[in-house]
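The structure file query_26.cif is reproduced below (mmCIF, C-alpha atoms).
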data_run
#
loop_
_atom_site.group_PDB
_atom_site.id
_atom_site.type_symbol
_atom_site.label_atom_id
_atom_site.label_comp_id
_atom_site.auth_asym_id
_atom_site.auth_seq_id
_atom_site.Cartn_x
_atom_site.Cartn_y
_atom_site.Cartn_z
ATOM 1 C CA MET A 1 -65.288 13.026 57.293
ATOM 2 C CA THR A 2 -65.794 10.672 54.340
ATOM 3 C CA LYS A 3 -65.883 7.009 55.301
ATOM 4 C CA TYR A 4 -64.999 4.058 53.106
ATOM 5 C CA LYS A 5 -65.747 0.369 53.295
ATOM 6 C CA LYS A 6 -64.078 -2.374 51.310
ATOM 7 C CA ASN A 7 -66.373 -3.875 48.687
ATOM 8 C CA GLY A 8 -64.976 -7.385 48.958
ATOM 9 C CA LYS A 9 -63.167 -7.452 45.609
ATOM 10 C CA LYS A 10 -59.872 -9.334 45.759
ATOM 11 C CA LEU A 11 -56.738 -7.798 44.270
ATOM 12 C CA GLY A 12 -54.301 -9.789 42.155
ATOM 13 C CA VAL A 13 -50.777 -8.364 41.912
ATOM 14 C CA LEU A 14 -48.177 -9.574 39.429
ATOM 15 C CA GLY A 15 -44.796 -8.602 40.845
ATOM 16 C CA GLY A 16 -41.151 -9.436 40.408
ATOM 17 C CA MET A 17 -40.489 -6.634 37.908
ATOM 18 C CA GLY A 18 -38.526 -5.742 40.003
ATOM 19 C CA PRO A 19 -38.965 -7.221 43.453
ATOM 20 C CA ALA A 20 -38.304 -3.964 45.335
ATOM 21 C CA ALA A 21 -40.942 -2.152 43.279
ATOM 22 C CA ALA A 22 -43.581 -4.775 44.044
ATOM 23 C CA ALA A 23 -42.684 -4.689 47.742
ATOM 24 C CA GLU A 24 -43.036 -0.891 47.747
ATOM 25 C CA PHE A 25 -46.423 -1.202 46.028
ATOM 26 C CA LEU A 26 -47.657 -3.536 48.778
ATOM 27 C CA ARG A 27 -46.204 -1.288 51.491
ATOM 28 C CA GLN A 28 -48.000 1.754 50.125
ATOM 29 C CA LEU A 29 -51.208 -0.217 49.663
ATOM 30 C CA ALA A 30 -51.182 -1.222 53.329
ATOM 31 C CA ALA A 31 -50.337 2.343 54.416
ATOM 32 C CA LYS A 32 -52.965 4.088 52.282
ATOM 33 C CA CYS A 33 -55.959 1.760 52.634
ATOM 34 C CA PRO A 34 -58.742 3.274 54.764
ATOM 35 C CA ALA A 35 -58.504 0.411 57.250
ATOM 36 C CA ALA A 36 -58.211 0.274 61.025
ATOM 37 C CA THR A 37 -58.070 -3.519 61.436
ATOM 38 C CA ASP A 38 -56.585 -6.441 59.522
ATOM 39 C CA GLN A 39 -60.041 -7.406 58.343
ATOM 40 C CA GLU A 40 -60.663 -3.997 56.768
ATOM 41 C CA HIS A 41 -57.735 -4.444 54.376
ATOM 42 C CA PRO A 42 -58.402 -6.096 51.003
ATOM 43 C CA VAL A 43 -57.515 -9.689 50.269
ATOM 44 C CA VAL A 44 -54.439 -9.657 47.995
ATOM 45 C CA TYR A 45 -53.169 -12.506 45.861
ATOM 46 C CA MET A 46 -49.638 -12.007 44.575
ATOM 47 C CA ILE A 47 -47.332 -13.783 42.191
ATOM 48 C CA GLY A 48 -43.742 -12.579 42.384
ATOM 49 C CA ASP A 49 -42.205 -13.949 39.199
ATOM 50 C CA CYS A 50 -38.660 -12.604 38.945
ATOM 51 C CA GLU A 51 -37.948 -14.870 35.957
ATOM 52 C CA ILE A 52 -40.192 -12.963 33.529
ATOM 53 C CA PRO A 53 -37.976 -11.950 30.574
ATOM 54 C CA ASP A 54 -36.678 -8.378 30.608
ATOM 55 C CA ARG A 55 -39.294 -6.018 29.206
ATOM 56 C CA SER A 56 -37.045 -3.273 27.823
ATOM 57 C CA THR A 57 -34.742 -5.738 26.092
ATOM 58 C CA ALA A 58 -37.722 -7.360 24.394
ATOM 59 C CA ILE A 59 -39.114 -4.026 23.198
ATOM 60 C CA PHE A 60 -35.836 -3.465 21.349
ATOM 61 C CA GLY A 61 -36.095 -6.942 19.805
ATOM 62 C CA LYS A 62 -33.035 -8.287 21.612
ATOM 63 C CA GLY A 63 -34.595 -10.860 23.878
ATOM 64 C CA GLU A 64 -37.498 -13.202 24.535
ATOM 65 C CA SER A 65 -40.947 -11.619 24.692
ATOM 66 C CA PRO A 66 -42.448 -11.613 28.176
ATOM 67 C CA ALA A 67 -46.002 -11.469 26.771
ATOM 68 C CA PRO A 68 -46.882 -15.194 27.098
ATOM 69 C CA VAL A 69 -45.718 -15.336 30.723
ATOM 70 C CA LEU A 70 -47.408 -12.056 31.608
ATOM 71 C CA GLU A 71 -50.748 -13.242 30.241
ATOM 72 C CA ALA A 72 -50.425 -16.677 31.844
ATOM 73 C CA ARG A 73 -49.612 -15.196 35.258
ATOM 74 C CA LEU A 74 -52.483 -12.687 35.107
ATOM 75 C CA ARG A 75 -54.903 -15.461 34.179
ATOM 76 C CA GLN A 76 -53.466 -17.521 37.044
ATOM 77 C CA LEU A 77 -54.267 -14.673 39.438
ATOM 78 C CA CYS A 78 -57.841 -14.629 38.116
ATOM 79 C CA ASP A 79 -58.071 -18.393 38.676
ATOM 80 C CA MET A 80 -56.911 -17.808 42.260
ATOM 81 C CA GLY A 81 -59.888 -15.497 42.770
ATOM 82 C CA ALA A 82 -58.569 -12.036 41.873
ATOM 83 C CA GLU A 83 -61.267 -9.637 40.661
ATOM 84 C CA VAL A 84 -58.999 -6.607 40.115
ATOM 85 C CA LEU A 85 -55.533 -6.886 38.551
ATOM 86 C CA ALA A 86 -52.459 -4.690 39.016
ATOM 87 C CA VAL A 87 -48.940 -4.925 37.606
ATOM 88 C CA PRO A 88 -46.393 -2.606 39.273
ATOM 89 C CA CYS A 89 -44.168 -2.419 36.191
ATOM 90 C CA ASN A 90 -44.664 0.296 33.595
ATOM 91 C CA THR A 91 -42.740 -1.309 30.724
ATOM 92 C CA ALA A 92 -44.713 -4.562 31.013
ATOM 93 C CA HIS A 93 -47.823 -2.689 29.881
ATOM 94 C CA TYR A 94 -46.372 -2.429 26.369
ATOM 95 C CA PHE A 95 -47.123 -6.153 26.098
ATOM 96 C CA ILE A 96 -50.183 -6.225 28.350
ATOM 97 C CA ASP A 97 -51.996 -3.705 26.141
ATOM 98 C CA ASP A 98 -52.135 -6.344 23.405
ATOM 99 C CA PHE A 99 -54.207 -8.785 25.477
ATOM 100 C CA LYS A 100 -55.718 -6.842 28.392
ATOM 101 C CA ALA A 101 -59.168 -6.704 26.746
ATOM 102 C CA ALA A 102 -59.273 -10.509 26.754
ATOM 103 C CA LEU A 103 -58.428 -10.883 30.457
ATOM 104 C CA PRO A 104 -61.235 -12.278 32.640
ATOM 105 C CA GLN A 105 -60.991 -9.385 35.134
ATOM 106 C CA PRO A 106 -60.261 -5.626 34.834
ATOM 107 C CA LEU A 107 -56.689 -4.374 34.969
ATOM 108 C CA VAL A 108 -55.828 -1.103 36.711
ATOM 109 C CA HIS A 109 -53.549 0.525 34.117
ATOM 110 C CA ILE A 110 -50.485 2.035 35.784
ATOM 111 C CA ILE A 111 -49.587 4.281 32.852
ATOM 112 C CA GLU A 112 -53.011 5.814 32.378
ATOM 113 C CA GLU A 113 -53.397 6.329 36.121
ATOM 114 C CA THR A 114 -49.980 8.023 36.371
ATOM 115 C CA VAL A 115 -50.826 10.392 33.512
ATOM 116 C CA LEU A 116 -54.134 11.281 35.187
ATOM 117 C CA ALA A 117 -52.398 11.829 38.546
ATOM 118 C CA ALA A 118 -49.881 14.145 36.882
ATOM 119 C CA GLN A 119 -52.689 16.058 35.200
ATOM 120 C CA ARG A 120 -54.409 16.557 38.549
ATOM 121 C CA LEU A 121 -51.185 17.857 40.085
ATOM 122 C CA ASN A 122 -50.159 20.208 37.280
ATOM 123 C CA THR A 123 -52.196 20.869 34.143
ATOM 124 C CA GLU A 124 -49.203 22.430 32.359
ATOM 125 C CA GLY A 125 -47.306 19.162 31.994
ATOM 126 C CA ALA A 126 -44.617 17.059 33.651
ATOM 127 C CA TRP A 127 -41.200 15.542 33.043
ATOM 128 C CA MET A 128 -41.219 11.800 32.345
ATOM 129 C CA LEU A 129 -38.433 9.598 33.711
ATOM 130 C CA SER A 130 -38.558 5.946 32.677
ATOM 131 C CA THR A 131 -36.697 2.969 31.279
ATOM 132 C CA HIS A 132 -35.359 3.240 27.750
ATOM 133 C CA GLY A 133 -37.973 0.671 26.753
ATOM 134 C CA THR A 134 -40.937 2.635 28.094
ATOM 135 C CA ARG A 135 -39.602 5.804 26.475
ATOM 136 C CA ALA A 136 -39.140 4.104 23.092
ATOM 137 C CA SER A 137 -42.502 2.336 23.241
ATOM 138 C CA GLY A 138 -44.434 5.608 23.220
ATOM 139 C CA LEU A 139 -46.837 4.253 25.850
ATOM 140 C CA TYR A 140 -46.861 7.316 28.052
ATOM 141 C CA GLN A 141 -47.034 9.573 25.026
ATOM 142 C CA LYS A 142 -50.094 7.654 23.797
ATOM 143 C CA TYR A 143 -51.986 7.952 27.059
ATOM 144 C CA ALA A 144 -50.933 11.584 27.505
ATOM 145 C CA ASP A 145 -52.320 12.362 24.038
ATOM 146 C CA LYS A 146 -55.525 10.534 24.948
ATOM 147 C CA HIS A 147 -56.065 12.895 27.880
ATOM 148 C CA GLY A 148 -54.666 16.037 26.242
ATOM 149 C CA TYR A 149 -51.662 16.194 28.548
ATOM 150 C CA THR A 150 -48.136 17.439 27.773
ATOM 151 C CA LEU A 151 -45.106 15.311 28.600
ATOM 152 C CA TYR A 152 -41.541 16.562 28.535
ATOM 153 C CA LEU A 153 -38.852 13.985 27.806
ATOM 154 C CA PRO A 154 -35.260 14.271 29.003
ATOM 155 C CA ASN A 155 -32.497 14.222 26.397
ATOM 156 C CA GLU A 156 -30.542 11.039 25.672
ATOM 157 C CA GLU A 157 -27.846 11.745 28.242
ATOM 158 C CA GLN A 158 -30.430 12.511 30.918
ATOM 159 C CA ALA A 159 -32.430 9.398 29.984
ATOM 160 C CA GLU A 160 -29.291 7.333 30.522
ATOM 161 C CA LYS A 161 -28.978 8.763 34.039
ATOM 162 C CA ALA A 162 -32.554 7.704 34.783
ATOM 163 C CA GLN A 163 -31.733 4.203 33.561
ATOM 164 C CA GLN A 164 -28.661 4.175 35.801
ATOM 165 C CA ALA A 165 -30.799 5.070 38.823
ATOM 166 C CA ILE A 166 -33.100 2.163 37.951
ATOM 167 C CA PHE A 167 -30.148 -0.248 37.821
ATOM 168 C CA TYR A 168 -28.969 0.966 41.236
ATOM 169 C CA VAL A 169 -32.407 0.326 42.765
ATOM 170 C CA LYS A 170 -32.526 -3.165 41.265
ATOM 171 C CA ALA A 171 -29.092 -3.806 42.784
ATOM 172 C CA GLY A 172 -30.240 -2.578 46.201
ATOM 173 C CA GLU A 173 -27.942 0.473 46.095
ATOM 174 C CA LEU A 174 -30.493 3.084 47.123
ATOM 175 C CA ASP A 175 -27.974 5.722 48.217
ATOM 176 C CA ARG A 176 -26.391 5.748 44.754
ATOM 177 C CA ALA A 177 -29.837 5.718 43.119
ATOM 178 C CA GLY A 178 -30.844 8.714 45.224
ATOM 179 C CA ALA A 179 -27.704 10.664 44.342
ATOM 180 C CA VAL A 180 -28.143 10.079 40.599
ATOM 181 C CA THR A 181 -31.844 10.934 40.783
ATOM 182 C CA LYS A 182 -31.215 14.149 42.723
ATOM 183 C CA ALA A 183 -28.625 15.418 40.244
ATOM 184 C CA LEU A 184 -30.795 14.512 37.269
ATOM 185 C CA VAL A 185 -34.017 16.070 38.576
ATOM 186 C CA GLU A 186 -32.304 19.281 39.634
ATOM 187 C CA GLU A 187 -30.830 19.523 36.132
ATOM 188 C CA LEU A 188 -34.300 19.075 34.616
ATOM 189 C CA TRP A 189 -35.798 21.690 36.937
ATOM 190 C CA ARG A 190 -33.216 24.208 35.776
ATOM 191 C CA GLU A 191 -34.559 23.650 32.255
ATOM 192 C CA ARG A 192 -38.266 23.609 33.075
ATOM 193 C CA ASP A 193 -39.858 23.836 36.524
ATOM 194 C CA LEU A 194 -42.425 21.034 36.328
ATOM 195 C CA PRO A 195 -43.310 17.976 38.416
ATOM 196 C CA VAL A 196 -41.433 14.765 37.699
ATOM 197 C CA MET A 197 -43.269 11.566 36.778
ATOM 198 C CA THR A 198 -41.303 8.583 38.056
ATOM 199 C CA ALA A 199 -42.618 6.405 35.265
ATOM 200 C CA CYS A 200 -40.699 3.269 36.184
ATOM 201 C CA THR A 201 -41.581 1.542 39.429
ATOM 202 C CA GLU A 202 -37.946 1.537 40.595
ATOM 203 C CA LEU A 203 -37.667 5.312 40.231
ATOM 204 C CA PRO A 204 -40.006 6.243 43.140
ATOM 205 C CA LEU A 205 -37.537 4.412 45.392
ATOM 206 C CA GLY A 206 -34.658 6.389 43.910
ATOM 207 C CA TYR A 207 -36.631 9.616 44.295
ATOM 208 C CA ALA A 208 -37.477 8.774 47.923
ATOM 209 C CA ALA A 209 -33.750 8.341 48.610
ATOM 210 C CA SER A 210 -32.843 11.633 46.906
ATOM 211 C CA GLY A 211 -34.143 14.062 49.511
ATOM 212 C CA LEU A 212 -36.092 15.927 46.817
ATOM 213 C CA PRO A 213 -39.536 17.356 47.755
ATOM 214 C CA LEU A 214 -42.162 14.628 47.572
ATOM 215 C CA ASP A 215 -44.889 17.038 46.450
ATOM 216 C CA ARG A 216 -43.000 17.582 43.174
ATOM 217 C CA GLU A 217 -43.126 13.881 42.223
ATOM 218 C CA VAL A 218 -45.873 11.894 40.509
ATOM 219 C CA SER A 219 -45.056 8.330 41.522
ATOM 220 C CA SER A 220 -46.250 5.574 39.209
ATOM 221 C CA ILE A 221 -46.397 3.267 42.225
ATOM 222 C CA GLY A 222 -48.455 5.786 44.181
ATOM 223 C CA ALA A 223 -50.812 6.384 41.267
ATOM 224 C CA LEU A 224 -51.389 2.635 40.879
ATOM 225 C CA VAL A 225 -51.997 2.200 44.615
ATOM 226 C CA ASP A 226 -54.504 5.061 44.712
ATOM 227 C CA ALA A 227 -56.389 3.702 41.692
ATOM 228 C CA CYS A 228 -56.520 0.204 43.173
ATOM 229 C CA ILE A 229 -57.931 1.567 46.428
ATOM 230 C CA ARG A 230 -60.670 3.331 44.462
ATOM 231 C CA MET A 231 -61.553 -0.056 42.940
ATOM 232 C CA LEU A 232 -61.487 -1.914 46.254
ATOM 233 C CA TYR A 233 -63.378 0.505 48.518
ATOM 234 C CA ASP A 234 -66.751 2.201 48.262
ATOM 235 C CA GLU A 235 -67.715 5.466 49.858
ATOM 236 C CA VAL A 236 -70.183 5.048 52.725
ATOM 237 C CA LYS A 237 -72.929 7.665 52.631
#

For the structure just supplied, provide its representation as structure tokens.
Amino acid sequence: MTKYKKNGKKLGVLGGMGPAAAAEFLRQLAAKCPAATDQEHPVVYMIGDCEIPDRSTAIFGKGESPAPVLEARLRQLCDMGAEVLAVPCNTAHYFIDDFKAALPQPLVHIIEETVLAAQRLNTEGAWMLSTHGTRASGLYQKYADKHGYTLYLPNEEQAEKAQQAIFYVKAGELDRAGAVTKALVEELWRERDLPVMTACTELPLGYAASGLPLDREVSSIGALVDACIRMLYDEVK
């Protein structure tokens, strides 16, 4: 049995986009870490800033850019002692990509990690469900092209259903989010039988409430958690 030991690096998490997604990220991190005691878990610094301007709105040029706040908060986490950074919001990475190279500490990139997780699950491609902003930004398409992976995008009507599920999660209406997600995913599977990438951090919560098989989902939250754990633990030989 492979054993792991934490390497002492401290994780900085920028949450609040939305709050339920960040809470789910921390829950999965605690559940998945190879730890048997409190002390074997990593030290986590978190800023939950729910006042960061809406990312999708800004991508469409209809609102204030969140970029200055995102960069300031990530630098604040580094000042607090974080040595690995994570942002459980896919759409925010549209703005983060512009300054991530200048950050004092490495950022675990949720979009790239989700694409790689999907590729490991199914080399033939996957459906991508996301916010309108992430879809329009081309972020997932860019990272999929980088790794030679095929993404399948829902049509406009289906994309609107995904956005509706996201709104329900943000409003705390998980039953309604699950119902919308179930109907949408089953419709997609009738078109093409491929795994579904929940490429917005609210969507894994909607998928979890849908009753759909978990082994057919590539969760962006799960992919980010797994990648962070790889950064925070070393294999003991």

- Message: Ranking A:Glu160, A:Leu232, A:Arg190, A:Asn122 by minimum distance to Glu217 (chain A) and counting all atoms listed in the file, which one comes first?
- Response: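 Nearest candidate to Glu217 (chain A) out of A:Glu160, A:Leu232, A:Arg190, A:Asn122: A:Asn122.
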
Which residues of region 123-227 of chain A have any atom within 10 Å of an atom in region 24-47 of chain A when counting only C-alpha atoms, and what is the closest pair of atoms for each, with the distance in Å to one decimal? Order the rows by chain and rising number and write it as a tab-separated table.
residue	atom	partner	partner_atom	distance
A:Thr201	CA	A:Phe25	CA	8.6
A:Glu202	CA	A:Glu24	CA	9.1
A:Pro204	CA	A:Glu24	CA	9.0
A:Leu205	CA	A:Glu24	CA	8.0
A:Ser220	CA	A:Phe25	CA	9.6
A:Ile221	CA	A:Phe25	CA	5.9
A:Gly222	CA	A:Gln28	CA	7.2
A:Ala223	CA	A:Phe25	CA	10.0
A:Leu224	CA	A:Phe25	CA	8.1
A:Val225	CA	A:Leu29	CA	5.7
A:Asp226	CA	A:Lys32	CA	7.8

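Of note, CA of Ala144 (chain A) and CA of Leu129 (chain A) are spaced 14.1 Å apart.
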
- Task: Run the PyMOL selection byres ((chain A and resi 188) around 12) mentally over the shown coordinates, then write out the matched residues as a ChimeraX atom specification, using the chain letters and numbers from the document.
- Result: /A:126-129,152-155,157-159,161-162,181-187,189-197

- Item | Option closest in space to Lys10 (chain A), from A:Pro68, A:Ser219, A:Ala82, A:Lys62 [counting only C-alpha atoms] |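 Of all the options, A:Ala82 lies closest to Lys10 (chain A).
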
- Message: When the PyMOL selection byres ((chain A and resi 150) around 6) is applied to the structure above, which residues does it catch, written out as a list in words?
- Response: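 This file, filtered by the PyMOL selection byres ((chain A and resi 150) around 6), leaves Gly125, Tyr149 and Leu151 of chain A.
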
- Message: I need the residue nearest Glu156 (chain A) from this list: A:Lys3, A:Arg135, A:Arg230, A:Lys237. Use all atoms listed in the file for the distance.
- Response: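 The answer is A:Arg135, which sits nearest to Glu156 (chain A).
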
- CA of Leu107 (chain A) to CA of Asn7 (chain A), distance in Å rounded to a single decimal: 16.8 Å
